[in-house]
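Asker: upload39.pdb is the file, holding PDB, C-alpha atoms:
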ATOM      1  CA  MET A   1      26.029 -16.886  -7.167  1.00  0.00           C
ATOM      2  CA  LYS A   2      24.174 -17.132  -3.842  1.00  0.00           C
ATOM      3  CA  LYS A   3      23.674 -13.365  -3.808  1.00  0.00           C
ATOM      4  CA  PHE A   4      22.314 -13.455  -7.344  1.00  0.00           C
ATOM      5  CA  ILE A   5      19.779 -16.176  -6.451  1.00  0.00           C
ATOM      6  CA  LEU A   6      18.844 -14.273  -3.287  1.00  0.00           C
ATOM      7  CA  VAL A   7      18.194 -11.083  -5.303  1.00  0.00           C
ATOM      8  CA  ILE A   8      16.018 -12.990  -7.801  1.00  0.00           C
ATOM      9  CA  LEU A   9      13.993 -14.596  -4.979  1.00  0.00           C
ATOM     10  CA  LEU A  10      13.596 -11.202  -3.324  1.00  0.00           C
ATOM     11  CA  CYS A  11      12.288  -9.662  -6.576  1.00  0.00           C
ATOM     12  CA  ILE A  12       9.816 -12.534  -7.084  1.00  0.00           C
ATOM     13  CA  SER A  13       8.653 -12.253  -3.462  1.00  0.00           C
ATOM     14  CA  ALA A  14       8.200  -8.466  -3.748  1.00  0.00           C
ATOM     15  CA  ASN A  15       6.125  -8.915  -6.917  1.00  0.00           C
ATOM     16  CA  SER A  16       3.956 -11.592  -5.264  1.00  0.00           C
ATOM     17  CA  PHE A  17       3.531  -9.414  -2.153  1.00  0.00           C
ATOM     18  CA  ALA A  18       2.493  -6.438  -4.317  1.00  0.00           C
ATOM     19  CA  GLN A  19      -0.280  -8.547  -5.847  1.00  0.00           C
ATOM     20  CA  LEU A  20      -1.333  -9.856  -2.428  1.00  0.00           C
ATOM     21  CA  ILE A  21      -1.649  -6.500  -0.623  1.00  0.00           C
ATOM     22  CA  GLN A  22      -2.760  -3.244  -2.259  1.00  0.00           C
ATOM     23  CA  PHE A  23      -3.384   0.131  -0.647  1.00  0.00           C
ATOM     24  CA  GLY A  24      -4.016   3.743  -1.573  1.00  0.00           C
ATOM     25  CA  PRO A  25      -6.241   6.814  -1.255  1.00  0.00           C
ATOM     26  CA  GLN A  26      -9.811   7.213  -2.456  1.00  0.00           C
ATOM     27  CA  VAL A  27     -12.368  10.001  -2.814  1.00  0.00           C
ATOM     28  CA  SER A  28     -16.112   9.478  -2.775  1.00  0.00           C
ATOM     29  CA  TYR A  29     -19.354  11.235  -3.640  1.00  0.00           C
ATOM     30  CA  ASN A  30     -22.524  10.230  -1.815  1.00  0.00           C
ATOM     31  CA  ILE A  31     -26.257  10.868  -1.944  1.00  0.00           C
ATOM     32  CA  THR A  32     -27.872  10.414   1.479  1.00  0.00           C
ATOM     33  CA  SER A  33     -31.617   9.783   1.733  1.00  0.00           C
ATOM     34  CA  PRO A  34     -33.534   9.631   5.026  1.00  0.00           C
ATOM     35  CA  LEU A  35     -35.707   6.535   5.519  1.00  0.00           C
ATOM     36  CA  SER A  36     -38.685   7.068   7.802  1.00  0.00           C
ATOM     37  CA  ASP A  37     -42.466   6.809   7.954  1.00  0.00           C
ATOM     38  CA  ASP A  38     -42.611   9.244  10.908  1.00  0.00           C
ATOM     39  CA  PHE A  39     -41.931  12.393   8.853  1.00  0.00           C
ATOM     40  CA  SER A  40     -44.206  13.921   6.208  1.00  0.00           C
ATOM     41  CA  SER A  41     -41.427  15.156   3.954  1.00  0.00           C
ATOM     42  CA  LYS A  42     -37.902  13.911   3.265  1.00  0.00           C
ATOM     43  CA  SER A  43     -35.232  15.243   0.971  1.00  0.00           C
ATOM     44  CA  SER A  44     -31.888  13.777  -0.114  1.00  0.00           C
ATOM     45  CA  GLY A  45     -28.597  15.617  -0.007  1.00  0.00           C
ATOM     46  CA  THR A  46     -25.077  15.140  -1.266  1.00  0.00           C
ATOM     47  CA  GLY A  47     -21.670  14.952   0.343  1.00  0.00           C
ATOM     48  CA  MET A  48     -18.027  14.056  -0.211  1.00  0.00           C
ATOM     49  CA  GLY A  49     -15.487  11.859   1.525  1.00  0.00           C
ATOM     50  CA  VAL A  50     -11.792  11.011   1.547  1.00  0.00           C
ATOM     51  CA  ALA A  51     -10.280   7.766   2.806  1.00  0.00           C
ATOM     52  CA  GLY A  52      -7.445   5.331   2.614  1.00  0.00           C
ATOM     53  CA  PHE A  53      -7.927   1.657   1.795  1.00  0.00           C
ATOM     54  CA  ALA A  54      -5.969  -1.570   2.135  1.00  0.00           C
ATOM     55  CA  ARG A  55      -6.898  -4.719   0.218  1.00  0.00           C
ATOM     56  CA  VAL A  56      -5.733  -8.299   0.691  1.00  0.00           C
ATOM     57  CA  ASN A  57      -6.152 -10.445  -2.441  1.00  0.00           C
ATOM     58  CA  LEU A  58      -6.549 -14.230  -2.257  1.00  0.00           C
ATOM     59  CA  LEU A  59      -7.049 -15.619  -5.766  1.00  0.00           C
ATOM     60  CA  LEU A  60     -10.568 -14.507  -6.769  1.00  0.00           C
ATOM     61  CA  PHE A  61     -11.550 -13.342  -3.265  1.00  0.00           C
ATOM     62  CA  TYR A  62     -10.455 -10.236  -1.406  1.00  0.00           C
ATOM     63  CA  GLY A  63     -10.932  -8.387   1.849  1.00  0.00           C
ATOM     64  CA  GLN A  64     -10.729  -4.616   2.108  1.00  0.00           C
ATOM     65  CA  GLY A  65     -10.632  -2.114   4.948  1.00  0.00           C
ATOM     66  CA  GLU A  66     -11.182   1.633   4.596  1.00  0.00           C
ATOM     67  CA  PHE A  67     -10.806   4.501   7.046  1.00  0.00           C
ATOM     68  CA  GLY A  68     -11.561   8.140   6.327  1.00  0.00           C
ATOM     69  CA  TYR A  69     -13.645  11.265   6.794  1.00  0.00           C
ATOM     70  CA  ALA A  70     -17.004  11.940   5.126  1.00  0.00           C
ATOM     71  CA  LYS A  71     -19.740  14.600   4.986  1.00  0.00           C
ATOM     72  CA  SER A  72     -23.401  14.110   4.148  1.00  0.00           C
ATOM     73  CA  LYS A  73     -26.619  16.152   4.086  1.00  0.00           C
ATOM     74  CA  PHE A  74     -30.362  15.496   4.101  1.00  0.00           C
ATOM     75  CA  SER A  75     -33.554  17.126   5.374  1.00  0.00           C
ATOM     76  CA  ILE A  76     -36.806  16.001   7.024  1.00  0.00           C
ATOM     77  CA  ALA A  77     -40.035  17.738   8.035  1.00  0.00           C
ATOM     78  CA  GLN A  78     -43.238  17.024   9.930  1.00  0.00           C
ATOM     79  CA  THR A  79     -46.605  18.454   8.950  1.00  0.00           C
ATOM     80  CA  GLY A  80     -47.013  21.875  10.523  1.00  0.00           C
ATOM     81  CA  ILE A  81     -43.403  22.007  11.779  1.00  0.00           C
ATOM     82  CA  ALA A  82     -40.464  23.608  10.008  1.00  0.00           C
ATOM     83  CA  GLU A  83     -38.073  21.543   7.940  1.00  0.00           C
ATOM     84  CA  THR A  84     -34.839  20.410   9.577  1.00  0.00           C
ATOM     85  CA  GLU A  85     -31.711  20.206   7.446  1.00  0.00           C
ATOM     86  CA  TYR A  86     -28.897  18.008   8.732  1.00  0.00           C
ATOM     87  CA  GLU A  87     -25.220  18.365   7.891  1.00  0.00           C
ATOM     88  CA  LEU A  88     -23.220  15.449   9.261  1.00  0.00           C
ATOM     89  CA  SER A  89     -19.488  14.871   9.158  1.00  0.00           C
ATOM     90  CA  GLY A  90     -17.061  12.556  10.874  1.00  0.00           C
ATOM     91  CA  THR A  91     -15.078   9.353  10.827  1.00  0.00           C
ATOM     92  CA  ASP A  92     -16.033   6.635   8.373  1.00  0.00           C
ATOM     93  CA  ALA A  93     -14.771   3.012   8.618  1.00  0.00           C
ATOM     94  CA  THR A  94     -15.672   0.147   6.271  1.00  0.00           C
ATOM     95  CA  LEU A  95     -14.905  -3.588   6.074  1.00  0.00           C
ATOM     96  CA  LEU A  96     -15.611  -5.421   2.802  1.00  0.00           C
ATOM     97  CA  VAL A  97     -15.359  -8.960   1.476  1.00  0.00           C
ATOM     98  CA  GLY A  98     -15.658  -9.515  -2.223  1.00  0.00           C
ATOM     99  CA  PHE A  99     -15.358 -11.767  -5.211  1.00  0.00           C
ATOM    100  CA  LYS A 100     -13.721 -10.977  -8.558  1.00  0.00           C
ATOM    101  CA  ILE A 101     -16.417 -12.090 -10.998  1.00  0.00           C
ATOM    102  CA  VAL A 102     -14.616 -11.116 -14.219  1.00  0.00           C
ATOM    103  CA  PRO A 103     -10.811 -11.290 -13.976  1.00  0.00           C
ATOM    104  CA  LEU A 104      -9.212  -9.200 -16.735  1.00  0.00           C
ATOM    105  CA  GLY A 105      -5.619 -10.323 -16.127  1.00  0.00           C
ATOM    106  CA  LYS A 106      -3.082  -7.530 -15.663  1.00  0.00           C
ATOM    107  CA  LEU A 107      -5.638  -4.979 -16.862  1.00  0.00           C
ATOM    108  CA  GLY A 108      -7.858  -5.425 -13.770  1.00  0.00           C
ATOM    109  CA  ASN A 109     -11.152  -7.080 -12.836  1.00  0.00           C
ATOM    110  CA  VAL A 110     -14.860  -6.610 -12.165  1.00  0.00           C
ATOM    111  CA  ARG A 111     -15.887  -7.231  -8.544  1.00  0.00           C
ATOM    112  CA  ILE A 112     -18.933  -7.646  -6.324  1.00  0.00           C
ATOM    113  CA  PHE A 113     -18.744  -7.102  -2.584  1.00  0.00           C
ATOM    114  CA  ALA A 114     -20.663  -6.791   0.673  1.00  0.00           C
ATOM    115  CA  GLY A 115     -19.713  -5.473   4.074  1.00  0.00           C
ATOM    116  CA  TYR A 116     -20.234  -3.260   7.100  1.00  0.00           C
ATOM    117  CA  ASN A 117     -19.851   0.508   7.522  1.00  0.00           C
ATOM    118  CA  TRP A 118     -19.590   2.487  10.756  1.00  0.00           C
ATOM    119  CA  LYS A 119     -19.826   6.261  10.950  1.00  0.00           C
ATOM    120  CA  SER A 120     -19.045   8.368  14.013  1.00  0.00           C
ATOM    121  CA  TYR A 121     -20.439  11.856  13.525  1.00  0.00           C
ATOM    122  CA  SER A 122     -18.156  14.363  15.232  1.00  0.00           C
ATOM    123  CA  ASP A 123     -19.977  17.380  13.790  1.00  0.00           C
ATOM    124  CA  ILE A 124     -23.793  17.406  13.645  1.00  0.00           C
ATOM    125  CA  LYS A 125     -25.492  20.571  12.423  1.00  0.00           C
ATOM    126  CA  ALA A 126     -29.294  20.815  12.417  1.00  0.00           C
ATOM    127  CA  ASN A 127     -30.725  24.132  11.256  1.00  0.00           C
ATOM    128  CA  ASN A 128     -34.095  24.006  13.013  1.00  0.00           C
ATOM    129  CA  ASN A 129     -34.631  27.166  15.076  1.00  0.00           C
ATOM    130  CA  LEU A 130     -37.727  25.824  16.836  1.00  0.00           C
ATOM    131  CA  ASN A 131     -36.109  23.440  19.295  1.00  0.00           C
ATOM    132  CA  TYR A 132     -33.099  21.213  19.997  1.00  0.00           C
ATOM    133  CA  ILE A 133     -33.118  17.997  18.001  1.00  0.00           C
ATOM    134  CA  ALA A 134     -31.246  15.038  19.467  1.00  0.00           C
ATOM    135  CA  PHE A 135     -29.334  12.873  16.990  1.00  0.00           C
ATOM    136  CA  GLU A 136     -27.436   9.604  17.428  1.00  0.00           C
ATOM    137  CA  LYS A 137     -23.672  10.086  16.916  1.00  0.00           C
ATOM    138  CA  ASN A 138     -22.930   6.544  15.665  1.00  0.00           C
ATOM    139  CA  ASN A 139     -24.465   5.022  12.556  1.00  0.00           C
ATOM    140  CA  SER A 140     -24.040   1.419  11.405  1.00  0.00           C
ATOM    141  CA  SER A 141     -24.896   0.251   7.893  1.00  0.00           C
ATOM    142  CA  ILE A 142     -24.691  -2.898   5.846  1.00  0.00           C
ATOM    143  CA  LEU A 143     -23.607  -2.466   2.255  1.00  0.00           C
ATOM    144  CA  GLY A 144     -23.347  -4.137  -1.093  1.00  0.00           C
ATOM    145  CA  GLY A 145     -21.927  -3.044  -4.396  1.00  0.00           C
ATOM    146  CA  VAL A 146     -19.945  -3.549  -7.560  1.00  0.00           C
ATOM    147  CA  GLY A 147     -16.534  -2.312  -8.578  1.00  0.00           C
ATOM    148  CA  VAL A 148     -14.049  -2.240 -11.418  1.00  0.00           C
ATOM    149  CA  ASP A 149     -10.265  -2.230 -11.202  1.00  0.00           C
ATOM    150  CA  LEU A 150      -8.498  -0.858 -14.270  1.00  0.00           C
ATOM    151  CA  TRP A 151      -4.734  -0.657 -14.045  1.00  0.00           C
ATOM    152  CA  LYS A 152      -4.134   1.161 -10.716  1.00  0.00           C
ATOM    153  CA  LEU A 153      -7.595   2.779 -10.520  1.00  0.00           C
ATOM    154  CA  THR A 154     -10.588   1.434  -8.590  1.00  0.00           C
ATOM    155  CA  LEU A 155     -14.137   2.599  -9.250  1.00  0.00           C
ATOM    156  CA  ASP A 156     -16.883   1.383  -6.893  1.00  0.00           C
ATOM    157  CA  TYR A 157     -20.619   1.863  -6.542  1.00  0.00           C
ATOM    158  CA  ARG A 158     -22.085   0.853  -3.197  1.00  0.00           C
ATOM    159  CA  TYR A 159     -25.441   1.093  -1.471  1.00  0.00           C
ATOM    160  CA  LEU A 160     -25.397   1.500   2.323  1.00  0.00           C
ATOM    161  CA  ALA A 161     -28.588   0.575   4.192  1.00  0.00           C
ATOM    162  CA  GLY A 162     -28.612   2.103   7.672  1.00  0.00           C
ATOM    163  CA  VAL A 163     -29.477  -0.194  10.582  1.00  0.00           C
ATOM    164  CA  THR A 164     -29.134   2.402  13.381  1.00  0.00           C
ATOM    165  CA  ASP A 165     -32.145   4.480  14.427  1.00  0.00           C
ATOM    166  CA  LEU A 166     -30.681   7.999  14.410  1.00  0.00           C
ATOM    167  CA  ASP A 167     -33.598   9.690  16.222  1.00  0.00           C
ATOM    168  CA  PRO A 168     -33.475   8.847  19.965  1.00  0.00           C
ATOM    169  CA  SER A 169     -36.829  10.573  20.594  1.00  0.00           C
ATOM    170  CA  GLY A 170     -38.834   7.503  19.585  1.00  0.00           C
ATOM    171  CA  ARG A 171     -39.389   8.282  15.905  1.00  0.00           C
ATOM    172  CA  ASN A 172     -37.772   6.041  13.338  1.00  0.00           C
ATOM    173  CA  LEU A 173     -35.024   7.605  11.171  1.00  0.00           C
ATOM    174  CA  LYS A 174     -32.413   5.659   9.204  1.00  0.00           C
ATOM    175  CA  THR A 175     -30.273   6.526   6.204  1.00  0.00           C
ATOM    176  CA  ALA A 176     -29.861   5.054   2.741  1.00  0.00           C
ATOM    177  CA  VAL A 177     -26.682   6.111   0.959  1.00  0.00           C
ATOM    178  CA  SER A 178     -25.666   5.708  -2.677  1.00  0.00           C
ATOM    179  CA  ASN A 179     -21.909   6.086  -2.901  1.00  0.00           C
ATOM    180  CA  ILE A 180     -19.467   6.287  -5.811  1.00  0.00           C
ATOM    181  CA  SER A 181     -15.756   6.143  -4.991  1.00  0.00           C
ATOM    182  CA  LEU A 182     -12.593   6.465  -7.031  1.00  0.00           C
ATOM    183  CA  GLY A 183      -9.318   5.131  -5.682  1.00  0.00           C
ATOM    184  CA  PHE A 184      -5.697   4.749  -6.712  1.00  0.00           C
ATOM    185  CA  LYS A 185      -3.626   1.659  -5.822  1.00  0.00           C
ATOM    186  CA  PHE A 186      -0.001   2.405  -4.978  1.00  0.00           C
ATOM    187  CA  LEU A 187       0.861  -1.300  -5.199  1.00  0.00           C
TER     188      LEU A 187
END
Starting from the file, lay out its structure as structure tokens.

Answerer:
Amino acid sequence: MKKFILVILLCISANSFAQLIQFGPQVSYNITSPLSDDFSSKSSGTGMGVAGFARVNLLLFYGQGEFGYAKSKFSIAQTGIAETEYELSGTDATLLVGFKIVPLGKLGNVRIFAGYNWKSYSDIKANNNLNYIAFEKNNSSILGGVGVDLWKLTLDYRYLAGVTDLDPSGRNLKTAVSNISLGFKFL
């Protein structure tokens, strides 16, 4: 009888733990736009990313961490100087806190969230043949967004506003990123 009760408690605990902590992979698509008044022309570009996430649920609130690899592109130009196209790729880490605004029971929920994103560019390609262009390797952003959980799928839209000046030469260059991600929760 004690073993039977122990097995039942273990099953209940495992079910509660599965609702408390969720994790899985995600893929993302992003549109990166340069923000600057120091360049005459700016052009957005697209990129992709892959990551893993872990979420801790506490009633209607949650915290989420993500770690992955992402690529992005954009271009800038000054009057009379050739256009420079950037291809950036590297590590991407995000911390989120959120609120489930529309709980849908076992089906899922609708969420809003805010957080911090850090990118470390390990590969920076600039195709300007005129001269070397210095570029900051670390980029910090604040973000906000909305998401939907349906069954084991997560779909998020987030906007990342860059706070790091990426041009160390004295001109101002930051990024604005629109990101859509699709994830799968194993638990």

Asker: Can you tell me which residues surround Asn172 (chain A) at a distance of at most 7 Å, considering all atoms listed in the file, apart from same-chain residues fewer than 3 positions away, and format the answer as a PyMOL selection string?

Answerer: chain A and resi 36+38+165+167

Asker: On this structure, which residues satisfy the PyMOL selection byres ((chain A and resi 35) around 9), written as a ChimeraX atom specification?

Answerer: /A:33-34,36-37,42,162,172-176

Asker: Closest to Tyr159 (chain A) among A:Gly65, A:Gly90, A:Gly115, A:Gly24, using all atoms listed in the file?

Answerer: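 Of A:Gly65, A:Gly90, A:Gly115, A:Gly24, the one nearest Tyr159 (chain A) is A:Gly115, counting all atoms listed in the file.
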
Asker: Taking the file as shown, find all residues satisfying the PyMOL selection byres ((chain A and resi 62) around 9) and write them as number ranges by chain.

Answerer: A: 55-61, 63-64, 96-100, 113

Asker: Rank nothing, just name the residue among A:Ser140, A:Ser181, A:Thr32, A:Ser43 nearest to Leu95 (chain A), using only C-alpha atoms.

Answerer: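 Of all the options, A:Ser140 lies closest to Leu95 (chain A).
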
Asker: Which one is closest to Tyr86 (chain A): A:Leu143, A:Lys152, A:Gly105, A:Leu166? Count only C-alpha atoms.

Answerer: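 Closest residue, counting only C-alpha atoms: A:Leu166.
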
Asker: Please write the residues picked by the PyMOL selection byres ((chain A and resi 31) around 7) on this file as number ranges by chain.

Answerer: A: 30, 32-33, 44-47, 177-179

Asker: For C-alpha atoms, I'd like the residues from the last selection saved as a PDB file, keeping the file's coordinate frame.

Answerer:
ATOM      1  CA  ASN A  30     -22.524  10.230  -1.815  1.00  0.00           C
ATOM      2  CA  THR A  32     -27.872  10.414   1.479  1.00  0.00           C
ATOM      3  CA  SER A  33     -31.617   9.783   1.733  1.00  0.00           C
ATOM      4  CA  SER A  44     -31.888  13.777  -0.114  1.00  0.00           C
ATOM      5  CA  GLY A  45     -28.597  15.617  -0.007  1.00  0.00           C
ATOM      6  CA  THR A  46     -25.077  15.140  -1.266  1.00  0.00           C
ATOM      7  CA  GLY A  47     -21.670  14.952   0.343  1.00  0.00           C
ATOM      8  CA  VAL A 177     -26.682   6.111   0.959  1.00  0.00           C
ATOM      9  CA  SER A 178     -25.666   5.708  -2.677  1.00  0.00           C
ATOM     10  CA  ASN A 179     -21.909   6.086  -2.901  1.00  0.00           C
TER      11      ASN A 179
END

Asker: Can you work out the spacing between CA of Ala161 (chain A) and CA of Lys119 (chain A) in Å, to one decimal?

Answerer: 12.4 Å

Asker: Measuring between only C-alpha atoms, which one of A:Tyr69, A:Trp151, A:Trp118, A:Phe74 shows the shortest distance to Gly183 (chain A)?

Answerer: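 Closest to Gly183 (chain A) of all the choices is A:Trp151.
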
Asker: For a test of reading the model, state the distance in Å between CA of Ala93 (chain A) and CA of Ala134 (chain A), rounded to one decimal.

Answerer: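 Between CA of Ala93 (chain A) and CA of Ala134 (chain A) the gap works out to 23.1 Å.
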
Asker: At a cut-off of 12 Å around the point (-29.3, 23.1, 12.9) (file coordinates), what residues fall inside when counting all atoms listed in the file? I'd like the answer as a list of chain:residue names.

Answerer: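 These residues have at least one counted atom within 12 Å: A:Lys73, A:Phe74, A:Ser75, A:Ile76, A:Ala82, A:Glu83, A:Thr84, A:Glu85, A:Tyr86, A:Glu87, A:Leu88, A:Asp123, A:Ile124, A:Lys125, A:Ala126, A:Asn127, A:Asn128, A:Asn129, A:Leu130, A:Asn131, A:Tyr132, A:Ile133, A:Ala134, A:Phe135.
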
Asker: Keeping only C-alpha atoms, take the residues you just selected and write them out as an mmCIF file, in the frame of the given file.

Answerer:
data_model
loop_
_atom_site.group_PDB
_atom_site.id
_atom_site.type_symbol
_atom_site.label_atom_id
_atom_site.label_comp_id
_atom_site.auth_asym_id
_atom_site.auth_seq_id
_atom_site.Cartn_x
_atom_site.Cartn_y
_atom_site.Cartn_z
ATOM 1 C CA LYS A 73 -26.619 16.152 4.086
ATOM 2 C CA PHE A 74 -30.362 15.496 4.101
ATOM 3 C CA SER A 75 -33.554 17.126 5.374
ATOM 4 C CA ILE A 76 -36.806 16.001 7.024
ATOM 5 C CA ALA A 82 -40.464 23.608 10.008
ATOM 6 C CA GLU A 83 -38.073 21.543 7.940
ATOM 7 C CA THR A 84 -34.839 20.410 9.577
ATOM 8 C CA GLU A 85 -31.711 20.206 7.446
ATOM 9 C CA TYR A 86 -28.897 18.008 8.732
ATOM 10 C CA GLU A 87 -25.220 18.365 7.891
ATOM 11 C CA LEU A 88 -23.220 15.449 9.261
ATOM 12 C CA ASP A 123 -19.977 17.380 13.790
ATOM 13 C CA ILE A 124 -23.793 17.406 13.645
ATOM 14 C CA LYS A 125 -25.492 20.571 12.423
ATOM 15 C CA ALA A 126 -29.294 20.815 12.417
ATOM 16 C CA ASN A 127 -30.725 24.132 11.256
ATOM 17 C CA ASN A 128 -34.095 24.006 13.013
ATOM 18 C CA ASN A 129 -34.631 27.166 15.076
ATOM 19 C CA LEU A 130 -37.727 25.824 16.836
ATOM 20 C CA ASN A 131 -36.109 23.440 19.295
ATOM 21 C CA TYR A 132 -33.099 21.213 19.997
ATOM 22 C CA ILE A 133 -33.118 17.997 18.001
ATOM 23 C CA ALA A 134 -31.246 15.038 19.467
ATOM 24 C CA PHE A 135 -29.334 12.873 16.990
#

Asker: Quote the spacing between CA of Lys137 (chain A) and CA of Gly170 (chain A) in Å to one decimal place.

Answerer: 15.6 Å

Asker: Nearest residue to Val148 (chain A) out of A:Leu187, A:Ile81, A:Val27, A:Ile180, using only C-alpha atoms?

Answerer: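 Of A:Leu187, A:Ile81, A:Val27, A:Ile180, the one nearest Val148 (chain A) is A:Ile180, counting only C-alpha atoms.
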